[in-house]
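Visitor: Here it is, the structure in full.
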Amino acid sequence: MSVAMDPDTFAEIVRLVRDFAGLAFGPDKRYLFESRLRPVLHRHGLASFRELRDALARGQRELRVAVVQALVTHETSFFRDRPVFDHLERRVLPDLAECRNGRIRIWSAATSTGQEAWTLAIVADRLARARPGARCEIVASDLSEAALAKAREGRYSTFEVQRGLTARELVEYFERDGEAWRVREGLRNRVRFLRHNLLDAPDPLGPPFDLVLLRNVLIYMDAPTRDRVLGHVVRALAPAGCLLVGTSELLPPGSPFRREGEVAGLYRRETTGRQESAARSVPRPAVDGLHRPVGGLTARLR
Ligand SMILES: C[S@@+](CC[C@H](N)C(=O)[O-])C[C@H]1O[C@@H](n2cnc3c(N)ncnc32)[C@H](O)[C@@H]1O
């Protein structure tokens, strides 16, 4: 079996990965591709990287997902950059609850293995206790099915829960499950996990969101892809809704967002005055209603 990747095959696979996942890799990544994709060859019974390239070009979905999973990092943790979540809890969500009749829709896009989504669920639970009537609906998505399977299971090793959770949060929101920890029942129905490719239009995700978290994923994309993804986020956000990117990520000049306060990575969608007042008076359906799948949801997810 040929285990080396020639430069042309590498360039072609890079192009395919950019086309279907929006991820950009430089010419220095050939050896990374070889080492990460070799196990994919074995698992899928392919004899060479050329065969892999040809199968990807034919659009084999399962193989595409396997390749993206092998190439991207799923690095994440609970309360990653805690000051940001403190600010969400103290300022952003109470303000949103105030102008949205207590109903807030949040999208954790590129959620990885779920720590970000469960963090939001903890914050939402505390918000609901502090402000009776405030309810958050959380939709969490990722391209990787393996990451989503773990997110849905909500089961984490001791090492993983120690990365970000306080002892109090751990005891309150998780229970022991053998050697691991599992999200408690009370939190489980607060998050809905879906497979979604950020390159696709966000329409299947349902009504507009008041807050979108798009953290630590834009950095892997080239400029045209970032613009495309941000365009989808604008479409997914309610007028004057907020966007949170990673603390080291900056939105390009000219994007329709303005920095919001002092917190790194927090932006607000720019609106006209009319949109702003419409956003404040927008009637919100009951959260239970929002939880229902929107027409064709499953069918339309790729
Ligand atoms: C580094 S993790 C970030 C996780 C989390 N947002 C955080 O900041 O802790 C990046 C995630 O982006 C996902 N991803 C990469 N490209 C994607 C795409 N085109 N659509 C959806 N998710 C994507 C990966 O599967 C991975 O789980």
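Ordered as shown in the structure tokens, chains take letters A, B, and onward, while each chain numbers its residues from 1 and ligands are numbered from 1 in the order shown.
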Using only C-alpha atoms and all ligand atoms, find each residue with an atom at most 7 Å away from ligand 1 and format the answer as number ranges by chain.
Guide: A: 21-23, 69, 72-77, 80, 109-113, 116, 141-144, 147, 196-199, 214-217, 246
Visitor: List every residue of region 57-280 of chain A that DSSP, applied to the backbone, labels as helix (DSSP H, G or I), and write the result as a PyMOL selection string.
Guide: chain A and resi 57+61-71+82-99+115-130+145-153+158-162+167-173+185-188+203-205+218-220+223-236+273-280
Visitor: Would you please extract all strand (DSSP E or B) residues from region 9-224 of chain A, as assigned by DSSP on the backbone, and give them as a ChimeraX atom specification?
Guide: /A:23,103-109,135-142,155-156,174-177,180-183,191-195,209-214,221
Visitor: I want to know what sits within 12 Å of Pro224 (chain A), based on only C-alpha atoms, with residues of the same chain fewer than 6 positions away left out; could you give that as a PyMOL selection string?
Guide: chain A and resi 18-19+22-24+199+218+230-231+252
Visitor: Just to be explicit: take each residue in the selection above, keep N, CA and C atoms, and write the result as a PDB file, in the first residue's frame.
Guide:
ATOM      1  N   ARG A  18     -11.503  22.235   1.728  1.00  0.00           N
ATOM      2  CA  ARG A  18     -11.945  23.631   1.793  1.00  0.00           C
ATOM      3  C   ARG A  18     -13.364  23.755   1.214  1.00  0.00           C
ATOM      4  N   ASP A  19     -13.619  23.048   0.139  1.00  0.00           N
ATOM      5  CA  ASP A  19     -14.932  23.149  -0.504  1.00  0.00           C
ATOM      6  C   ASP A  19     -16.051  22.606   0.369  1.00  0.00           C
ATOM      7  N   GLY A  22     -14.905  24.243   4.485  1.00  0.00           N
ATOM      8  CA  GLY A  22     -14.452  25.621   4.656  1.00  0.00           C
ATOM      9  C   GLY A  22     -13.143  25.733   5.416  1.00  0.00           C
ATOM     10  N   LEU A  23     -12.438  24.629   5.613  1.00  0.00           N
ATOM     11  CA  LEU A  23     -11.203  24.675   6.394  1.00  0.00           C
ATOM     12  C   LEU A  23     -10.013  24.899   5.474  1.00  0.00           C
ATOM     13  N   ALA A  24      -9.132  25.794   5.881  1.00  0.00           N
ATOM     14  CA  ALA A  24      -7.998  26.158   5.019  1.00  0.00           C
ATOM     15  C   ALA A  24      -6.708  25.595   5.606  1.00  0.00           C
ATOM     16  N   LEU A 199     -21.066  26.006   6.502  1.00  0.00           N
ATOM     17  CA  LEU A 199     -21.099  26.515   5.120  1.00  0.00           C
ATOM     18  C   LEU A 199     -22.521  26.538   4.577  1.00  0.00           C
ATOM     19  N   LEU A 218     -13.476  30.028  13.317  1.00  0.00           N
ATOM     20  CA  LEU A 218     -13.183  30.904  12.176  1.00  0.00           C
ATOM     21  C   LEU A 218     -11.681  30.917  11.879  1.00  0.00           C
ATOM     22  N   LEU A 230     -19.959  34.111   8.204  1.00  0.00           N
ATOM     23  CA  LEU A 230     -20.511  35.266   8.935  1.00  0.00           C
ATOM     24  C   LEU A 230     -21.822  35.732   8.296  1.00  0.00           C
ATOM     25  N   GLY A 231     -21.907  35.605   6.982  1.00  0.00           N
ATOM     26  CA  GLY A 231     -23.168  35.938   6.307  1.00  0.00           C
ATOM     27  C   GLY A 231     -24.300  35.048   6.819  1.00  0.00           C
ATOM     28  N   PRO A 252     -13.488  40.661  10.659  1.00  0.00           N
ATOM     29  CA  PRO A 252     -12.857  41.533   9.673  1.00  0.00           C
ATOM     30  C   PRO A 252     -13.570  42.872   9.589  1.00  0.00           C
TER      31      PRO A 252
END
Visitor: May I have the residues within 9 Å of Thr119 (chain A) as a PyMOL selection string, using only C-alpha atoms and disregarding those fewer than 5 positions away in the same chain?
Guide: chain A and resi 77-80+85+114+124+165
Visitor: In Å, rounded to a single decimal, give me how far CA of Val65 (chain A) is from CA of His44 (chain A).
Guide: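 These atoms are spaced 12.2 Å apart.
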Visitor: Given only C-alpha atoms as the basis, pick out the residue of A:Glu145, A:Asp125, A:Glu169, A:Asp210 nearest to Val233 (chain A).
Guide: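 Smallest separation from Val233 (chain A) among the options: A:Asp210.
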Visitor: Listing only residues of region 89-135 of chain A within 12 Å of region 236-242 of chain A, what is the closest atom pair and its distance in Å (to one decimal) for each, using only C-alpha atoms, sorted by chain and residue number ascending, as a tab-separated table?
Guide:
residue	atom	partner	partner_atom	distance
A:Arg91	CA	A:Cys242	CA	12.0
A:Val92	CA	A:Cys242	CA	8.4
A:Leu93	CA	A:Cys242	CA	9.9
A:Asp95	CA	A:Gly241	CA	11.0
A:Leu96	CA	A:Gly241	CA	8.4
A:Ala97	CA	A:Gly241	CA	11.8
A:Cys99	CA	A:Ala240	CA	10.5
A:Arg100	CA	A:Ala238	CA	10.4
A:Ile104	CA	A:Gly241	CA	10.2
A:Arg105	CA	A:Ala238	CA	9.4
A:Ile106	CA	A:Leu237	CA	9.5
A:Trp107	CA	A:Ala236	CA	9.0
A:Ser108	CA	A:Ala236	CA	11.8
A:Ala109	CA	A:Ala236	CA	10.9
Visitor: Write out as a list in words each polymer residue whose atoms come within 6 Å of His232 (chain A), counting only C-alpha atoms; drop sequence neighbours fewer than 3 positions from it.
Guide: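 Close residues of His232 (chain A): Ala201, Val229 and Arg235 of chain A.
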Visitor: The selected residues should be written to file as a PDB file, in the first residue's frame (atoms: N, CA and C atoms).
Guide:
ATOM      1  N   ALA A 201     -26.724  27.292   4.722  1.00  0.00           N
ATOM      2  CA  ALA A 201     -27.641  28.301   5.258  1.00  0.00           C
ATOM      3  C   ALA A 201     -28.223  27.806   6.581  1.00  0.00           C
ATOM      4  N   VAL A 229     -19.482  32.283   6.151  1.00  0.00           N
ATOM      5  CA  VAL A 229     -20.036  31.796   7.425  1.00  0.00           C
ATOM      6  C   VAL A 229     -20.658  32.959   8.204  1.00  0.00           C
ATOM      7  N   ARG A 235     -27.729  36.080   9.080  1.00  0.00           N
ATOM      8  CA  ARG A 235     -29.067  35.604   8.721  1.00  0.00           C
ATOM      9  C   ARG A 235     -29.740  34.871   9.888  1.00  0.00           C
TER      10      ARG A 235
END
Visitor: I'd like the contact shell of Pro253 (chain A) - 12 Å cut-off, only C-alpha atoms, skipping same-chain residues fewer than 4 positions apart - returned as JSON, numbers by chain.
Guide: {"A": [223, 227, 257, 258, 259]}
